[in-house]
file protein-v7.txt (compact mmCIF, C-alpha atoms and all ligand atoms)
# COMPACT_ATOMS: atom_id res chain seq x y z
CA MET A 813 -3.22 -11.41 48.61
CA ARG A 814 0.03 -13.24 48.98
CA PRO A 815 3.15 -12.28 46.95
CA ALA A 816 2.49 -14.71 44.06
CA SER A 817 -1.03 -13.32 43.55
CA LEU A 818 0.17 -9.73 43.88
CA CYS A 819 2.82 -10.39 41.24
CA VAL A 820 0.44 -11.72 38.59
CA HIS A 821 -2.43 -9.27 38.98
CA GLU A 822 -2.81 -6.03 37.06
CA PRO A 823 -3.25 -2.83 39.06
CA HIS A 824 -6.65 -1.19 38.61
CA ALA A 825 -6.58 0.94 35.46
CA ASP A 826 -6.09 4.62 36.22
CA PRO A 827 -8.70 6.58 34.21
CA GLU A 828 -6.21 9.49 34.11
CA TRP A 829 -4.18 7.65 31.48
CA LEU A 830 -6.93 8.53 29.01
CA HIS A 831 -5.52 12.08 29.10
CA ALA A 832 -2.29 10.88 27.49
CA HIS A 833 -1.42 13.34 24.72
CA ILE A 834 -0.05 10.59 22.47
CA THR A 835 -2.16 7.47 21.83
CA PRO A 836 -0.90 4.80 24.24
CA ILE A 837 0.20 1.35 23.06
CA ALA A 838 -2.56 -0.96 24.28
CA ALA A 839 -0.36 -4.02 24.71
CA THR A 840 -3.07 -6.41 25.80
CA THR A 841 -4.38 -9.57 24.23
CA THR A 842 -7.71 -9.64 26.04
CA TYR A 843 -10.18 -7.37 27.85
CA ALA A 844 -11.66 -8.16 31.27
CA TYR A 845 -15.29 -7.47 32.27
CA GLU A 846 -17.29 -7.85 35.48
CA ASP A 847 -20.55 -9.24 34.09
CA PRO A 848 -20.70 -12.33 31.80
CA GLU A 849 -23.76 -10.76 30.14
CA HIS A 850 -21.50 -7.94 28.91
CA LEU A 851 -19.15 -10.42 27.24
CA ARG A 852 -22.06 -12.42 25.81
CA GLN A 853 -23.35 -9.25 24.15
CA LEU A 854 -19.90 -8.47 22.77
CA PHE A 855 -19.72 -11.94 21.25
CA THR A 856 -23.13 -11.68 19.60
CA GLY A 857 -22.42 -8.17 18.34
CA GLU A 858 -25.34 -6.69 20.32
CA ARG A 859 -22.81 -4.41 21.93
CA SER A 860 -19.54 -3.02 20.61
CA GLY A 861 -16.28 -3.16 22.53
CA TYR A 862 -13.03 -5.03 22.76
CA VAL A 863 -12.90 -8.79 23.26
CA TYR A 864 -9.59 -10.06 21.97
CA SER A 865 -6.79 -8.23 20.14
CA ARG A 866 -6.85 -10.50 17.07
CA TRP A 867 -10.32 -9.04 16.54
CA SER A 868 -9.67 -5.47 17.52
CA ASN A 869 -7.42 -3.35 19.73
CA PRO A 870 -7.67 0.31 20.82
CA THR A 871 -4.32 1.40 19.32
CA VAL A 872 -5.09 -0.47 16.10
CA VAL A 873 -8.52 1.18 15.95
CA ALA A 874 -6.93 4.62 16.47
CA ALA A 875 -4.71 3.98 13.43
CA GLU A 876 -7.69 2.67 11.43
CA GLU A 877 -9.70 5.79 12.21
CA LYS A 878 -6.83 8.03 11.23
CA LEU A 879 -6.38 6.22 7.91
CA ALA A 880 -10.12 6.37 7.16
CA THR A 881 -10.21 10.11 7.89
CA LEU A 882 -7.15 10.77 5.76
CA GLU A 883 -8.56 8.81 2.83
CA ALA A 884 -11.86 10.71 3.03
CA CYS A 885 -10.26 14.13 3.54
CA GLY A 886 -11.95 16.78 1.41
CA LEU A 887 -14.48 14.33 -0.08
CA CYS A 888 -18.27 14.39 0.29
CA ASP A 889 -20.95 11.72 0.00
CA ASP A 890 -23.97 11.89 -2.35
CA GLN A 891 -25.79 14.14 0.16
CA GLY A 892 -22.91 16.60 0.27
CA GLN A 893 -21.89 15.47 3.78
CA PRO A 894 -18.22 14.80 4.67
CA LEU A 895 -17.43 11.26 3.48
CA ARG A 896 -17.07 8.64 6.21
CA LEU A 897 -15.05 5.53 5.46
CA LYS A 898 -14.16 2.24 7.13
CA ALA A 899 -10.57 1.12 7.48
CA ARG A 900 -9.12 -2.15 8.69
CA LEU A 901 -5.45 -2.49 9.58
CA PHE A 902 -3.59 -5.71 8.77
CA GLY A 903 -0.30 -7.38 9.54
CA SER A 904 1.07 -6.43 6.09
CA GLY A 905 0.09 -4.99 2.74
CA MET A 906 -0.21 -8.54 1.40
CA ALA A 907 -2.61 -9.40 4.25
CA ALA A 908 -4.78 -6.43 3.25
CA ILE A 909 -4.65 -7.39 -0.44
CA SER A 910 -5.41 -11.08 0.12
CA THR A 911 -8.29 -10.21 2.46
CA LEU A 912 -9.66 -7.74 -0.08
CA MET A 913 -9.60 -10.41 -2.79
CA LEU A 914 -11.21 -13.07 -0.63
CA ALA A 915 -13.85 -10.57 0.50
CA PHE A 916 -14.90 -9.74 -3.06
CA VAL A 917 -14.19 -12.90 -5.04
CA GLY A 918 -14.97 -16.61 -4.64
CA PRO A 919 -14.27 -19.77 -6.64
CA GLY A 920 -15.68 -19.66 -10.16
CA ARG A 921 -15.53 -15.85 -10.30
CA LYS A 922 -12.95 -13.66 -11.97
CA ILE A 923 -10.46 -10.93 -11.01
CA VAL A 924 -9.53 -8.59 -13.85
CA THR A 925 -6.22 -6.82 -13.37
CA GLN A 926 -3.06 -5.55 -15.04
CA HIS A 927 0.01 -7.62 -15.97
CA ASN A 928 2.44 -5.23 -14.25
CA LEU A 929 1.64 -5.60 -10.55
CA TYR A 930 3.83 -5.64 -7.46
CA GLY A 931 5.53 -9.08 -7.51
CA GLY A 932 3.77 -10.31 -4.34
CA SER A 933 0.32 -9.43 -5.67
CA HIS A 934 1.17 -11.14 -8.97
CA GLU A 935 2.26 -14.29 -7.13
CA LEU A 936 -0.79 -14.21 -4.84
CA LEU A 937 -3.13 -14.11 -7.84
CA LEU A 938 -1.42 -16.80 -9.91
CA GLN A 939 0.00 -19.11 -7.25
CA VAL A 940 -2.63 -18.95 -4.50
CA LEU A 941 -5.96 -17.68 -5.83
CA ARG A 942 -5.94 -19.29 -9.29
CA PRO A 943 -5.36 -22.80 -7.85
CA LEU A 944 -8.34 -22.14 -5.52
CA GLY A 945 -10.59 -21.82 -8.59
CA ILE A 946 -10.53 -18.04 -8.95
CA ASP A 947 -10.07 -16.97 -12.54
CA VAL A 948 -7.39 -14.29 -13.02
CA VAL A 949 -7.17 -12.23 -16.21
CA MET A 950 -4.20 -9.89 -16.60
CA LEU A 951 -4.39 -7.39 -19.40
CA HIS A 952 -3.36 -3.95 -20.49
CA LEU A 953 -5.70 -1.66 -18.54
CA LYS A 954 -5.35 1.09 -21.15
CA ASP A 955 -7.29 -1.03 -23.61
CA LEU A 956 -10.72 -0.10 -22.25
CA ALA A 957 -12.61 -2.15 -24.86
CA GLN A 958 -10.79 -5.30 -23.74
CA VAL A 959 -11.30 -4.43 -20.07
CA GLU A 960 -15.03 -4.03 -20.70
CA ARG A 961 -15.24 -7.40 -22.48
CA GLU A 962 -13.56 -9.12 -19.52
CA LEU A 963 -15.64 -7.28 -16.93
CA GLN A 964 -18.83 -8.39 -18.65
CA GLN A 965 -17.91 -12.07 -18.30
CA ASN A 966 -18.33 -13.20 -14.69
CA ALA A 967 -15.94 -10.65 -13.18
CA ALA A 968 -16.19 -10.00 -9.44
CA LEU A 969 -13.36 -7.46 -9.04
CA LEU A 970 -11.32 -5.02 -11.08
CA TYR A 971 -7.98 -4.62 -9.31
CA VAL A 972 -5.73 -1.71 -10.27
CA GLU A 973 -2.27 -0.65 -9.09
CA THR A 974 -1.35 2.89 -10.12
CA PRO A 975 1.40 4.03 -10.35
CA SER A 976 2.48 0.45 -10.92
CA ASN A 977 5.46 -1.23 -9.30
CA PRO A 978 8.14 -0.96 -10.69
CA THR A 979 7.54 0.62 -14.13
CA LEU A 980 5.41 3.52 -12.89
CA GLU A 981 2.73 2.98 -15.48
CA CYS A 982 -0.39 4.96 -14.54
CA TYR A 983 -4.02 4.14 -15.24
CA ASP A 984 -7.03 6.37 -15.64
CA LEU A 985 -8.99 5.62 -12.48
CA ALA A 986 -12.10 7.64 -13.37
CA SER A 987 -12.51 5.89 -16.76
CA LEU A 988 -11.87 2.44 -15.28
CA ALA A 989 -14.26 3.05 -12.37
CA ALA A 990 -17.01 4.27 -14.72
CA LEU A 991 -16.53 1.16 -16.85
CA ALA A 992 -16.55 -1.13 -13.82
CA ARG A 993 -19.69 0.53 -12.46
CA SER A 994 -21.48 0.14 -15.80
CA CYS A 995 -20.64 -3.59 -15.69
CA GLY A 996 -21.68 -3.89 -12.00
CA VAL A 997 -18.15 -4.85 -10.92
CA PRO A 998 -16.44 -3.27 -7.88
CA MET A 999 -13.02 -1.72 -8.38
CA ALA A 1000 -10.17 -1.72 -5.85
CA VAL A 1001 -6.92 0.21 -6.10
CA ASP A 1002 -3.49 -0.38 -4.60
CA ASN A 1003 -2.55 3.22 -3.77
CA THR A 1004 0.74 2.40 -2.02
CA PHE A 1005 3.00 4.51 -4.27
CA ALA A 1006 0.76 7.59 -4.22
CA THR A 1007 -0.64 7.67 -0.65
CA PRO A 1008 -3.97 9.43 0.02
CA LEU A 1009 -2.13 12.74 -0.08
CA LEU A 1010 -1.32 12.46 -3.77
CA GLN A 1011 -4.24 10.39 -5.08
CA GLN A 1012 -7.72 9.53 -3.78
CA PRO A 1013 -9.07 6.57 -5.76
CA LEU A 1014 -12.45 6.67 -3.99
CA ALA A 1015 -12.96 10.21 -5.36
CA CYS A 1016 -12.48 8.72 -8.84
CA GLY A 1017 -15.19 6.10 -8.23
CA ALA A 1018 -13.23 3.16 -6.79
CA ASN A 1019 -14.98 1.03 -4.14
CA ALA A 1020 -11.95 0.12 -2.04
CA VAL A 1021 -8.32 1.10 -1.56
CA VAL A 1022 -5.45 -1.00 -0.25
CA TYR A 1023 -2.06 0.02 1.07
CA SER A 1024 1.17 -1.46 2.06
CA ALA A 1025 1.30 0.87 5.07
CA THR A 1026 4.82 -0.46 5.56
CA LYS A 1027 5.86 2.11 2.96
CA PHE A 1028 5.21 5.89 2.85
CA LEU A 1029 2.37 5.82 5.41
CA ASN A 1030 4.68 4.55 8.13
CA GLY A 1031 7.60 6.22 6.42
CA HIS A 1032 10.37 5.10 8.74
CA GLY A 1033 10.88 1.48 7.74
CA ASN A 1034 10.17 0.11 11.21
CA ALA A 1035 6.83 -1.73 10.95
CA VAL A 1036 5.12 -4.01 8.43
CA THR A 1037 1.41 -3.16 8.17
CA GLY A 1038 -1.33 -2.94 5.55
CA ALA A 1039 -4.72 -1.30 5.24
CA LEU A 1040 -8.00 -1.85 3.47
CA ILE A 1041 -10.33 1.15 3.24
CA PHE A 1042 -13.85 1.17 1.81
CA HIS A 1043 -17.29 2.80 1.95
CA PRO A 1044 -19.31 1.66 4.98
CA ASN A 1045 -21.37 -1.37 3.95
CA GLU A 1046 -22.68 -3.76 6.57
CA GLU A 1047 -22.27 -6.90 4.50
CA LEU A 1048 -18.73 -6.06 3.38
CA GLU A 1049 -17.70 -4.95 6.88
CA LYS A 1050 -18.91 -8.26 8.30
CA ARG A 1051 -17.07 -10.24 5.65
CA VAL A 1052 -13.81 -8.31 6.06
CA PHE A 1053 -14.04 -8.64 9.85
CA MET A 1054 -14.77 -12.38 9.60
CA LEU A 1055 -11.84 -12.96 7.22
CA ALA A 1056 -9.44 -10.90 9.32
CA LYS A 1057 -10.58 -12.58 12.52
CA LEU A 1058 -10.30 -16.10 11.13
CA LEU A 1059 -7.24 -15.71 8.94
CA GLY A 1060 -5.58 -14.04 11.92
CA ASN A 1061 -3.77 -11.51 9.73
CA ASN A 1062 -4.35 -8.61 12.12
CA SER A 1063 -1.92 -5.84 12.97
CA ASN A 1064 -0.89 -5.21 16.57
CA ALA A 1065 -0.74 -2.33 19.02
CA PHE A 1066 2.97 -1.61 18.67
CA GLU A 1067 3.04 -1.56 14.88
CA ALA A 1068 -0.19 0.45 14.77
CA TRP A 1069 1.45 2.93 17.13
CA LEU A 1070 4.52 3.18 14.89
CA LEU A 1071 2.17 3.83 11.98
CA LEU A 1072 0.32 6.55 13.92
CA ASN A 1073 3.63 8.14 14.74
CA GLY A 1074 4.83 8.00 11.14
CA LEU A 1075 1.57 9.43 9.78
CA LYS A 1076 2.16 12.66 11.71
CA THR A 1077 4.82 13.70 9.21
CA LEU A 1078 3.30 12.21 6.05
CA ALA A 1079 2.41 15.57 4.51
CA VAL A 1080 5.82 17.16 5.04
CA ARG A 1081 7.59 13.98 3.99
CA MET A 1082 5.62 13.62 0.74
CA GLU A 1083 6.39 17.20 -0.21
CA ARG A 1084 10.12 16.67 0.19
CA HIS A 1085 10.04 13.14 -1.32
CA CYS A 1086 8.38 14.50 -4.47
CA ARG A 1087 10.72 17.50 -4.78
CA ASN A 1088 13.82 15.30 -4.43
CA ALA A 1089 12.43 12.70 -6.84
CA LEU A 1090 11.89 15.23 -9.62
CA GLN A 1091 15.49 16.43 -9.26
CA VAL A 1092 16.82 12.86 -9.25
CA ALA A 1093 14.70 11.87 -12.28
CA THR A 1094 15.99 14.90 -14.21
CA LEU A 1095 19.58 13.97 -13.36
CA LEU A 1096 19.06 10.35 -14.43
CA HIS A 1097 17.38 11.46 -17.65
CA ARG A 1098 20.49 13.45 -18.62
CA HIS A 1099 23.09 10.83 -17.74
CA PRO A 1100 24.58 8.90 -20.70
CA ALA A 1101 24.62 5.57 -18.80
CA VAL A 1102 20.82 5.71 -18.51
CA GLN A 1103 18.77 4.53 -21.46
CA ARG A 1104 15.30 5.28 -20.11
CA VAL A 1105 13.74 6.82 -17.01
CA TYR A 1106 10.29 5.87 -15.73
CA TYR A 1107 8.99 8.80 -13.69
CA PRO A 1108 5.53 10.26 -14.34
CA GLY A 1109 6.78 13.71 -13.34
CA LEU A 1110 8.99 13.96 -16.44
CA PRO A 1111 7.12 15.71 -19.26
CA ASP A 1112 8.07 12.97 -21.76
CA HIS A 1113 6.54 10.19 -19.63
CA PRO A 1114 3.55 8.88 -21.61
CA ASP A 1115 1.27 9.19 -18.56
CA HIS A 1116 2.39 12.69 -17.59
CA PRO A 1117 -0.85 14.44 -18.72
CA LEU A 1118 -3.03 11.83 -16.96
CA VAL A 1119 -1.01 12.06 -13.74
CA ARG A 1120 -1.24 15.87 -13.75
CA ARG A 1121 -5.02 15.43 -13.65
CA GLN A 1122 -5.25 12.46 -11.34
CA MET A 1123 -2.51 13.05 -8.78
CA LYS A 1124 -1.50 16.08 -6.73
CA ASP A 1125 2.21 15.38 -7.29
CA PHE A 1126 4.30 12.71 -8.98
CA GLY A 1127 5.53 10.65 -6.04
CA ALA A 1128 8.96 9.46 -5.00
CA MET A 1129 9.32 6.23 -6.98
CA ILE A 1130 11.58 6.15 -10.04
CA SER A 1131 12.76 3.27 -12.19
CA PHE A 1132 15.44 3.49 -14.83
CA GLU A 1133 17.06 1.28 -17.38
CA LEU A 1134 20.85 1.21 -17.63
CA ARG A 1135 22.32 0.85 -21.12
CA GLY A 1136 24.76 -1.81 -19.95
CA GLY A 1137 22.07 -4.26 -18.67
CA TRP A 1138 22.74 -6.43 -15.61
CA SER A 1139 26.51 -5.87 -15.45
CA ALA A 1140 25.99 -2.07 -15.43
CA ALA A 1141 23.17 -2.40 -12.87
CA ARG A 1142 25.40 -4.50 -10.65
CA LYS A 1143 28.31 -2.02 -10.86
CA PHE A 1144 25.95 0.88 -10.16
CA LEU A 1145 24.45 -0.82 -7.10
CA GLN A 1146 27.86 -1.82 -5.75
CA ARG A 1147 29.15 1.74 -6.07
CA LEU A 1148 26.35 3.50 -4.19
CA ARG A 1149 27.48 4.99 -0.88
CA LEU A 1150 24.66 7.17 0.44
CA CYS A 1151 21.70 5.35 -1.16
CA ARG A 1152 21.14 1.98 0.46
CA MET A 1153 20.49 -1.20 -1.50
CA ALA A 1154 17.39 -2.82 -0.02
CA VAL A 1155 13.92 -3.85 -1.09
CA SER A 1156 10.89 -1.96 0.30
CA LEU A 1157 10.33 1.73 -0.24
CA GLY A 1158 8.90 4.89 1.24
CA THR A 1159 11.49 5.30 3.99
CA THR A 1160 13.16 8.55 5.02
CA ASP A 1161 16.37 7.46 3.32
CA THR A 1162 16.78 6.52 -0.35
CA LEU A 1163 16.47 2.81 -1.12
CA VAL A 1164 17.55 1.25 -4.40
CA GLN A 1165 16.85 -2.27 -5.65
CA HIS A 1166 16.96 -4.49 -8.75
CA PRO A 1167 13.39 -5.72 -9.45
CA ALA A 1168 14.32 -8.65 -11.76
CA SER A 1169 16.41 -10.33 -9.05
CA MET A 1170 14.66 -8.97 -5.95
CA SER A 1171 11.04 -7.71 -5.66
CA HIS A 1172 9.88 -9.49 -8.85
CA ALA A 1173 12.18 -12.56 -8.72
CA GLY A 1174 9.16 -14.81 -8.09
CA VAL A 1175 7.36 -13.67 -11.28
CA ASP A 1176 7.70 -15.92 -14.35
CA PRO A 1177 10.66 -14.48 -16.41
CA ASP A 1178 8.58 -14.18 -19.62
CA LEU A 1179 5.78 -12.35 -17.80
CA ARG A 1180 8.40 -10.23 -16.07
CA ARG A 1181 9.98 -9.16 -19.36
CA ALA A 1182 6.53 -8.52 -20.84
CA ALA A 1183 5.93 -6.13 -17.92
CA GLY A 1184 9.13 -4.22 -18.86
CA ILE A 1185 11.23 -5.57 -15.99
CA THR A 1186 14.53 -6.10 -17.75
CA ASP A 1187 17.88 -7.07 -16.23
CA GLY A 1188 19.09 -3.47 -16.52
CA LEU A 1189 16.14 -1.99 -14.64
CA VAL A 1190 16.82 -0.37 -11.27
CA ARG A 1191 14.12 0.99 -8.92
CA MET A 1192 14.62 3.86 -6.49
CA SER A 1193 12.55 5.13 -3.62
CA VAL A 1194 13.85 8.67 -3.25
CA GLY A 1195 14.29 9.73 0.36
CA LEU A 1196 14.46 12.98 2.27
CA GLU A 1197 18.22 13.59 2.05
CA ASP A 1198 19.73 16.80 0.73
CA ALA A 1199 19.21 16.53 -3.04
CA ASN A 1200 22.82 17.59 -3.68
CA ASP A 1201 24.12 14.60 -1.71
CA LEU A 1202 21.86 12.30 -3.69
CA ALA A 1203 23.06 13.84 -6.97
CA GLU A 1204 26.72 13.32 -6.01
CA ASP A 1205 26.20 9.71 -4.97
CA LEU A 1206 24.17 8.80 -8.05
CA THR A 1207 26.52 10.54 -10.46
CA GLN A 1208 29.62 8.74 -9.19
CA ALA A 1209 27.83 5.36 -9.27
CA LEU A 1210 26.42 6.00 -12.77
CA ASN A 1211 29.85 7.07 -14.04
CA ALA A 1212 31.23 3.73 -12.83
CA ALA A 1213 28.41 1.88 -14.62
CA GLU A 1214 29.01 3.45 -18.05
N1 LIG B 1301 1.69 -3.21 -2.89
C1 LIG B 1301 2.78 -2.61 -3.37
C2 LIG B 1301 2.65 -1.61 -4.49
C3 LIG B 1301 4.03 -2.92 -2.83
O1 LIG B 1301 5.13 -2.32 -3.32
C4 LIG B 1301 4.11 -3.88 -1.78
C5 LIG B 1301 5.41 -4.24 -1.19
O2 LIG B 1301 6.45 -3.85 -1.66
C6 LIG B 1301 2.94 -4.48 -1.33
C7 LIG B 1301 1.74 -4.11 -1.89
C8 LIG B 1301 2.97 -5.51 -0.22
O3 LIG B 1301 3.13 -4.88 1.00
P1 LIG B 1301 3.76 -5.57 2.31
O4 LIG B 1301 5.21 -5.80 2.00
O5 LIG B 1301 3.52 -4.57 3.38
O6 LIG B 1301 3.05 -6.85 2.52
call {"tool": "encode", "arguments": {"input": "protein-v7.txt", "output": "structure tokens", "more": "lines below"}}
Ligand code: PLP
result
Amino acid sequence: MRPASLCVHEPHADPEWLHAHITPIAATTTYAYEDPEHLRQLFTGERSGYVYSRWSNPTVVAAEEKLATLEACGLCDDQGQPLRLKARLFGSGMAAISTLMLAFVGPGRKIVTQHNLYGGSHELLLQVLRPLGIDVVMLHLKDLAQVERELQQNAALLYVETPSNPTLECYDLASLAALARSCGVPMAVDNTFATPLLQQPLACGANAVVYSATKFLNGHGNAVTGALIFHPNEELEKRVFMLAKLLGNNSNAFEAWLLLNGLKTLAVRMERHCRNALQVATLLHRHPAVQRVYYPGLPDHPDHPLVRRQMKDFGAMISFELRGGWSAARKFLQRLRLCRMAVSLGTTDTLVQHPASMSHAGVDPDLRRAAGITDGLVRMSVGLEDANDLAEDLTQALNAAE
């Protein structure tokens, strides 16, 4: 070969790299084979393997397998065997949620859900799916009689987010799943706030779980990814694969690798996140500038008994209402020194944001207020700092907001 050919060609892969202790980043778009018959079989599905990284990629698959194993951890199937699940990684939580919805629901069918969803999911349902002819009914998921009535009328999916973003309302997954099953409707759960370590919706009877893996699963705020996890089912797997392949909303090797790296510390992070959050919620609860605290770990939270049953701990998300409304919220946010003001959540450091003007700004103001998102509401994702530093920062900012 001459220099130009030598420059462009890959060296022959060294099989020794398979001994790498840490999963390598497979930064490749395509996969080369010797025999066209091999590729033909990959295209027809007669043989499994990698073809093109929009379809599948070894680092992405490693992250998918880890997520599936984590979600199934400790659970058994009907035969008492360890539960095996399928996971698909996406380019964002919204990509996972939109693919889930398109996989389960088509025009003329209905999605039944709550009114208090993450702003992006709310907008997706009302601004994208409803105009495509998908009926969307948002109701109070604690009213089981009303949920049952809606499920009986042409529903194709019950979609639940618990704890909800940002008001931390929690729903009884076992009761909702039993109701959905009796009506022949699948149920999917956005488990972003809880993570599989604190709550396992499939153990409660849900059919699928979605995550913004951008949040606690990654944990370090350095990659946007999402996941859809479900029971193996050939038809559903084909549909999810087809949608992901053709919508092109796949994740990539680098972000999957960042997720794999972040997942290593999920258990220790969640422990510390939850411990810090309970201390912060208790402090907020006692401060005179705060009118109301939404944290399911506080004994006076209306969902506290349910969450004690359904979750292993109370999570790291807290919202609270300042007595002085928007002007107090603004002063409080301006005064913070250690806590950072930013949307997103689940990072190692504490993030604080104002849902009415940030994460839920795209939701109709009347619907927003009906969901409890007032101008004085502030949301916190409590990080892994020393709890005393958090207490000092929050106290000085709250004092300024009184
Ligand atoms: N679900 C919840 C509960 C969220 O909070 C978010 C984002 O904040 C999403 C889904 C969307 O995730 P992503 O931003 O990764 O698309």
call {"tool": "residues_around", "arguments": {"input": "protein-v7.txt", "residues": "Ala874 of chain A", "least_positions_apart": "6", "cutoff": "9 Å", "atoms": "all atoms listed in the file", "output": "VMD selection string"}}
result
chain A and resid 835 1068 to 1069 1072
call {"tool": "closest_atom_pairs", "arguments": {"input": "protein-v7.txt", "of": "chain A", "to": "ligand LIG 1301 (chain B)", "cutoff": "7 Å", "atoms": "only C-alpha atoms and all ligand atoms", "output": "Markdown table"}}
result
| residue | atom | partner | partner_atom | distance |
| --- | --- | --- | --- | --- |
| A:Ser904 | CA | B:LIG1301 | O5 | 4.1 |
| A:Gly905 | CA | B:LIG1301 | O6 | 3.5 |
| A:Met906 | CA | B:LIG1301 | O6 | 3.8 |
| A:Ala907 | CA | B:LIG1301 | O6 | 6.4 |
| A:Tyr930 | CA | B:LIG1301 | C2 | 5.1 |
| A:Gly932 | CA | B:LIG1301 | C8 | 6.4 |
| A:Ser933 | CA | B:LIG1301 | C7 | 6.7 |
| A:Glu973 | CA | B:LIG1301 | C2 | 6.8 |
| A:Ser976 | CA | B:LIG1301 | C2 | 6.8 |
| A:Asn977 | CA | B:LIG1301 | C2 | 5.6 |
| A:Asp1002 | CA | B:LIG1301 | N1 | 6.1 |
| A:Thr1004 | CA | B:LIG1301 | C2 | 5.1 |
| A:Phe1005 | CA | B:LIG1301 | C2 | 6.1 |
| A:Tyr1023 | CA | B:LIG1301 | N1 | 6.3 |
| A:Ser1024 | CA | B:LIG1301 | O3 | 4.1 |
| A:Ala1025 | CA | B:LIG1301 | O5 | 6.1 |
| A:Thr1026 | CA | B:LIG1301 | O5 | 4.8 |
| A:Val1036 | CA | B:LIG1301 | O5 | 5.3 |
| A:Thr1037 | CA | B:LIG1301 | O5 | 5.4 |
| A:Gly1038 | CA | B:LIG1301 | O5 | 5.6 |
| A:Ser1156 | CA | B:LIG1301 | O2 | 5.2 |
| A:Leu1157 | CA | B:LIG1301 | O2 | 6.9 |
call {"tool": "write_last_selection", "arguments": {"input": "protein-v7.txt", "atoms": "C-alpha atoms", "output": "tab-separated table (two decimals), keeping the file's coordinate frame"}}
result
chain	number	residue	atom	x	y	z
A	904	SER	CA	1.07	-6.43	6.09
A	905	GLY	CA	0.09	-4.99	2.74
A	906	MET	CA	-0.21	-8.54	1.40
A	907	ALA	CA	-2.61	-9.40	4.25
A	930	TYR	CA	3.83	-5.64	-7.46
A	932	GLY	CA	3.77	-10.31	-4.34
A	933	SER	CA	0.32	-9.43	-5.67
A	973	GLU	CA	-2.27	-0.65	-9.09
A	976	SER	CA	2.48	0.45	-10.92
A	977	ASN	CA	5.46	-1.23	-9.30
A	1002	ASP	CA	-3.49	-0.38	-4.60
A	1004	THR	CA	0.74	2.40	-2.02
A	1005	PHE	CA	3.00	4.51	-4.27
A	1023	TYR	CA	-2.06	0.02	1.07
A	1024	SER	CA	1.17	-1.46	2.06
A	1025	ALA	CA	1.30	0.87	5.07
A	1026	THR	CA	4.82	-0.46	5.56
A	1036	VAL	CA	5.12	-4.01	8.43
A	1037	THR	CA	1.41	-3.16	8.17
A	1038	GLY	CA	-1.33	-2.94	5.55
A	1156	SER	CA	10.89	-1.96	0.30
A	1157	LEU	CA	10.33	1.73	-0.24
call {"tool": "residues_around", "arguments": {"input": "protein-v7.txt", "residues": "segment 844-853 of chain A", "least_positions_apart": "4", "cutoff": "12 Å", "atoms": "all atoms listed in the file", "output": "PyMOL selection string"}}
result
chain A and resi 822+824-825+840+857-864
call {"tool": "write_last_selection", "arguments": {"input": "protein-v7.txt", "atoms": "C-alpha atoms", "output": "JSON list (two decimals), in the frame of the given file"}}
result
[["chain", "number", "residue", "atom", "x", "y", "z"],
["A", 822, "GLU", "CA", -2.81, -6.03, 37.06],
["A", 824, "HIS", "CA", -6.65, -1.19, 38.61],
["A", 825, "ALA", "CA", -6.58, 0.94, 35.46],
["A", 840, "THR", "CA", -3.07, -6.41, 25.80],
["A", 857, "GLY", "CA", -22.42, -8.17, 18.34],
["A", 858, "GLU", "CA", -25.34, -6.69, 20.32],
["A", 859, "ARG", "CA", -22.81, -4.41, 21.93],
["A", 860, "SER", "CA", -19.54, -3.02, 20.61],
["A", 861, "GLY", "CA", -16.28, -3.16, 22.53],
["A", 862, "TYR", "CA", -13.03, -5.03, 22.76],
["A", 863, "VAL", "CA", -12.90, -8.79, 23.26],
["A", 864, "TYR", "CA", -9.59, -10.06, 21.97]]
call {"tool": "residues_around", "arguments": {"input": "protein-v7.txt", "residues": "segment 1074-1091 of chain A", "least_positions_apart": "2", "cutoff": "6 Å", "atoms": "only C-alpha atoms", "output": "PyMOL selection string"}}
result
chain A and resi 1029-1031+1071-1072+1093-1094+1127-1128+1194-1196+1199
call {"tool": "atom_distance", "arguments": {"input": "protein-v7.txt", "atom1": "atom CA of Leu956 of chain A", "atom2": "atom CA of Glu1133 of chain A"}}
result
28.2 Å
call {"tool": "atom_distance", "arguments": {"input": "protein-v7.txt", "atom1": "atom CA of Phe1066 of chain A", "atom2": "atom CA of Ala899 of chain A"}}
result
17.8 Å
call {"tool": "atom_distance", "arguments": {"input": "protein-v7.txt", "atom1": "atom CA of Ser1139 of chain A", "atom2": "atom CA of His1172 of chain A"}}
result
18.3 Å
call {"tool": "closest_atom_pairs", "arguments": {"input": "protein-v7.txt", "of": "segment 844-897 of chain A", "to": "segment 1049-1062 of chain A", "cutoff": "12 Å", "atoms": "all atoms listed in the file", "output": "CSV"}}
result
residue,atom,partner,partner_atom,distance
A:Gly857,CA,A:Lys1050,CA,10.6
A:Val863,CA,A:Lys1057,CA,11.6
A:Tyr864,CA,A:Lys1057,CA,9.8
A:Ser865,CA,A:Asn1062,CA,8.4
A:Arg866,CA,A:Asn1062,CA,5.9
A:Trp867,CA,A:Lys1057,CA,5.4
A:Ser868,CA,A:Asn1062,CA,8.2
A:Asn869,CA,A:Asn1062,CA,9.7
A:Val872,CA,A:Asn1062,CA,9.1
A:Val873,CA,A:Asn1062,CA,11.3
A:Glu876,CA,A:Asn1062,CA,11.8
A:Leu897,CA,A:Glu1049,CA,10.9
call {"tool": "write_last_selection", "arguments": {"input": "protein-v7.txt", "atoms": "C-alpha atoms", "output": "compact mmCIF listing (two decimals), keeping the file's coordinate frame"}}
result
# COMPACT_ATOMS: atom_id res chain seq x y z
CA GLY A 857 -22.42 -8.17 18.34
CA VAL A 863 -12.90 -8.79 23.26
CA TYR A 864 -9.59 -10.06 21.97
CA SER A 865 -6.79 -8.23 20.14
CA ARG A 866 -6.85 -10.50 17.07
CA TRP A 867 -10.32 -9.04 16.54
CA SER A 868 -9.67 -5.47 17.52
CA ASN A 869 -7.42 -3.35 19.73
CA VAL A 872 -5.09 -0.47 16.10
CA VAL A 873 -8.52 1.18 15.95
CA GLU A 876 -7.69 2.67 11.43
CA LEU A 897 -15.05 5.53 5.46
